[in-house]
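Peer 1: Before anything else, here's the structure in question.
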Amino acid sequence: MDIAFILAQVFAILGWLFLLFSYYREDIQKLLFIQIIAAIFDTASYALLGADAGLLICGFELVKAILYYKTDKDNLIFLVSLPVYAVVAWFSCQEEGLIALLPIIGSVIDGFALTRNKTFATVGGIISSILWVIYDIVILAYSAAATDSIMIISNIFVLILGYSHILRINKLHIVRCRYISRRIYGNIVSLDRDTFSEEYLWSFDQHKDIFNTNSNIILLIKDKKKTIGYVNYIVISEEKYNRIKRAQTFYHSLNSADIAQFGKRRKNYVLIESIAIKKAYKSSKMEDFIIKRLKTEFRNKSKQGYHIHGIISAGVSDLEKNVLKNIGFNHLKDYHDKEELYELDEKAIKAFTK
């Protein structure tokens, strides 16, 4: 058996393993860096097989991955890449015939899907992988065909499980936390670790000290008896509210002096401290579910005679940022580590809760 053929199969497997490993990286920059390595192995595999379309597309995908890594212009990069795909298609068809169109169409579909939501990206990945499997079989890239088949099966399961959680959104319920027990604290820490880095985690004593002021509201999101998320908002002093707005660094903790009580004869200021959801339940429908509950919470406070003058929140996760943006929060500033500060002023609060 030809050594180039064997190396091509080995490189295809290595490329797939690096791609698979990248999906477990939380940091998007680390994910893209690992995918660049995966693309290098894929490019080498098709080069050894003499597959022109596969070689050109993988090489082009490598360039795109580097651009994604260096910039934040996904949509622009995809649009600019379309004429290049046309050139690659013309050249490849001259060498390999119409079969060369399969990986090209697959790459275009995959690139377009990745600029959309997670479900769209998953469906696009399935279609793209099917086209690549057919191409790989024809050009004898058996390892690539096998690994792409695994990706198809994996994405189908992701799609099915994702839809099952989305459909169950209507069956979720929210429970107001009345007491911070060790078990509830354990659930909160587990959710935080699923969403945030260690620097954002509070100790049990920190949670309990703040909770004992009876000024913060922890809303546990449950799927039957299982806690799958929580929302935590806290009434803070006007002084702390303004300090957070002025500060150039992100706050990581609060103390009892920062906490206030809801009052009917004064302005109230609220900090939405955390929104954390299990990864399997994250979706646009979950975001809508949280927004609806927050709207009910603040509307009820208004009806009870508590005037909320301002709401502030620091978005750390993508879900938090999406919720805040969709509510209508105004973006105030960016911090050093992709944290963003948002505010909902008095006028916007009235519009949100009407």
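Chain identifiers are assigned as A, B, and so on, following the order in which chains appear in the structure tokens; residues are numbered from 1 within each chain, and ligands are numbered from 1 in order of appearance.
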List as a VMD selection string the protein and nucleic acid residues near Tyr335 of chain A, meaning an atom at most 7 Å away when only C-alpha atoms are counted, but skip any in the same chain fewer than 3 places from it.
Peer 2: chain A and resid 249 to 250 338 to 340
Peer 1: Those same residues, written as a CSV table (one decimal), in the first residue's frame with C-alpha atoms?
Peer 2:
chain,number,residue,atom,x,y,z
A,249,THR,CA,-12.9,47.6,35.9
A,250,PHE,CA,-15.5,44.9,36.4
A,338,LYS,CA,-15.2,40.6,26.8
A,339,GLU,CA,-17.4,41.7,29.7
A,340,GLU,CA,-19.9,44.4,28.8
Peer 1: Just want the 9 Å neighbourhood of segment 300-307 of chain A, counted on only C-alpha atoms, with same-chain residues fewer than 5 positions away dropped. Output as an MDAnalysis selection string.
Peer 2: chainID A and resid 262:269 295 353
Peer 1: Could you state the separation of atom CA of Gly310 of chain A and atom CA of Thr227 of chain A in Å, given to one decimal place?
Peer 2: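 So the two atoms, atom CA of Gly310 of chain A and atom CA of Thr227 of chain A, lie 29.2 Å apart.
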Peer 1: Among segment 180-289 of chain A, which residues does DSSP mark as strand (DSSP E or B) when it is run on the backbone? Keep the chain and numbering as in the structure and answer as a ChimeraX atom specification.
Peer 2: /A:216-223,226-236,259,268-277
Peer 1: Near Asp194 of chain A, counting only C-alpha atoms, which residues have an atom at most 9 Å away, once you skip same-chain residues fewer than 2 positions from it, shown as a PDB file with C-alpha atoms, in the first residue's frame?
Peer 2:
ATOM      1  CA  VAL A 189     -22.020  26.815  41.665  1.00  0.00           C
ATOM      2  CA  SER A 190     -22.520  23.988  39.162  1.00  0.00           C
ATOM      3  CA  LEU A 191     -24.441  26.314  36.849  1.00  0.00           C
ATOM      4  CA  ASP A 192     -21.858  29.087  37.300  1.00  0.00           C
ATOM      5  CA  PHE A 196     -18.423  31.492  33.978  1.00  0.00           C
ATOM      6  CA  SER A 197     -14.744  31.224  34.870  1.00  0.00           C
ATOM      7  CA  ALA A 276     -26.881  31.072  34.201  1.00  0.00           C
ATOM      8  CA  ILE A 277     -28.420  28.194  32.224  1.00  0.00           C
ATOM      9  CA  LYS A 278     -27.232  24.647  31.547  1.00  0.00           C
ATOM     10  CA  LYS A 279     -25.644  24.443  28.115  1.00  0.00           C
TER      11      LYS A 279
END
Peer 1: Which is closest to Ser284 of chain A among A:Arg299, A:Val323, A:Ile36, A:Asn255, if we use only C-alpha atoms?
Peer 2: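 For Ser284 of chain A, the nearest of the given residues is A:Val323.
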Peer 1: Please compute the atom CA of Lys354 of chain A-atom CA of Ile217 of chain A distance, one decimal, in Å.
Peer 2: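 Spanning atom CA of Lys354 of chain A to atom CA of Ile217 of chain A is a straight-line distance of 21.4 Å.
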Peer 1: Please measure the separation of atom CA of Leu219 of chain A and atom CA of His331 of chain A, giving the value in Å to one decimal.
Peer 2: 24.5 Å
Peer 1: Neighbours of Gly54 of chain A within 9 Å (only C-alpha atoms; same-chain residues fewer than 2 positions away dropped), as an MDAnalysis selection string?
Peer 2: chainID A and resid 42:43 45:47 50:52 56:59 100 103:104 132 135:136
